[in-house]
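J.: This is the structure I have questions about; it appears just below.
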Amino acid sequence: MNKAEKARSLFTQGANCAQSVAGAFAAECGLTEEQAMIMASGFGGGVGRLREVCGAVSGMVLVLNILYGSGNPADKAAKDAQYARIREVAAQFQEKAGTLICRELLGLEKGQEEPPRSDPRNAAYYADRPCAGLVALAAEITEKYIAEHKR
């Protein structure tokens, strides 16, 4: 199973968008799937269902932070390189998906109030949302980036 398929499978098992992407790369990040899912748990729904940056994008960022990020806050070169890396993959996602913003991907209006509760996962949920395809896209972009940029 490739990473896009793994991310899609995690999503259809109930993981949020960020968890789906992060979970697909848990082994590469030196984490268990559970650890990756815990780290990504609050990024679903565009960060806590605020419908801001798509959770699939947040999942990409988490994975690339673990694999390429720096823990030294004084290392400006490493910080700048990571920002450039994140912009590169985010631009690829935006080019294919049309936006990075969860609410726009779901066709919601800015300010449209939603409770901080996840929706029940059923056939209607999956039929109405592009999320399974978006987590697959994010995983595909991340997998390609990792393959082309060995650490």
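Every chain in the structure tokens takes a letter, A first, then B, and so on in the order presented; its residues are numbered from 1, and the ligands are numbered from 1 following the presented order.
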Which residues are close to stretch 137-139 of chain A, i.e. within 10 Å by only C-alpha atoms, leaving aside same-chain residues fewer than 4 positions away? Reply as an MDAnalysis selection string.

T.: chainID A and resid 2:8 17:18 20:25 55:61 63 89:90 92:93 96:97 131:133 143:145

J.: Residues at most 7 Å from stretch 112-124 of chain A, counting only C-alpha atoms, excluding those fewer than 3 positions away in the same chain, as a VMD selection string?

T.: chain A and resid 14 48 to 49 108 to 109 127 to 128

J.: Take the residues from that selection and put them in a file with C-alpha atoms, as a compact mmCIF listing (two decimals), in the first residue's frame.

T.:
```txt
# COMPACT_ATOMS: atom_id res chain seq x y z
CA GLY A 14 -12.20 7.60 11.29
CA GLY A 48 -9.87 22.15 15.99
CA ARG A 49 -12.69 22.51 13.45
CA LEU A 108 -18.38 26.72 3.74
CA GLU A 109 -18.71 30.45 4.31
CA ALA A 127 -20.08 11.29 -0.08
CA ASP A 128 -20.21 15.00 0.80
```

J.: Could you tell me which of A:Ile66, A:Gly44, A:Leu10, A:Gly71 comes closest to A:Gly30 if we count only C-alpha atoms?

T.: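 Of the candidates, the smallest distance to A:Gly30 is held by A:Ile66.
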
J.: So, with only C-alpha atoms as the atoms that count, which of A:Ala36, A:Cys54, A:Ala147, A:Ala136 lies closest to A:Gln94?

T.: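 Of A:Ala36, A:Cys54, A:Ala147, A:Ala136, the one nearest A:Gln94 is A:Cys54, counting only C-alpha atoms.
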
J.: Can you tell me how far atom CA of A:Ser70 sits from atom CA of A:Ala26, in Å to one decimal?

T.: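 So the two atoms, atom CA of A:Ser70 and atom CA of A:Ala26, lie 18.4 Å apart.
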
J.: Quick one: of A:Ala40, A:Leu134, A:Val53, A:Met1, who's nearest to A:Gln19, counting only C-alpha atoms?

T.: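 Once distances to A:Gln19 are computed over only C-alpha atoms, the minimum belongs to A:Ala40.
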
J.: So the first atom is atom CA of A:Cys102 and the second is atom CA of A:Met37; what is the distance between them in Å, to one decimal place?

T.: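 Separation of atom CA of A:Cys102 and atom CA of A:Met37: 19.1 Å.
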
J.: With DSSP run on the backbone, what are the alpha helix (DSSP H) residues within chain A? I'd like them as an MDAnalysis selection string.

T.: chainID A and resid 3:12 17:24 33:40 55:68 76:97 102:106 123:128 131:148

J.: So how many Å separate atom CA of A:Gly45 and atom CA of A:Gly107, to one decimal?

T.: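 Atom CA of A:Gly45 sits 13.1 Å away from atom CA of A:Gly107.
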
J.: Give the answer as one residue: which of A:Ile86, A:Val135, A:Ile101, A:Ala15 has the shortest atom-to-atom distance to A:Ile38, using only C-alpha atoms?

T.: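 Closest to A:Ile38 of all the choices is A:Ala15.
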
J.: Between A:Tyr125, A:Glu148, A:Leu100, A:Glu52, which is the closest to A:Phe11 once you count only C-alpha atoms?

T.: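 So, comparing all the options, the nearest one is A:Tyr125.
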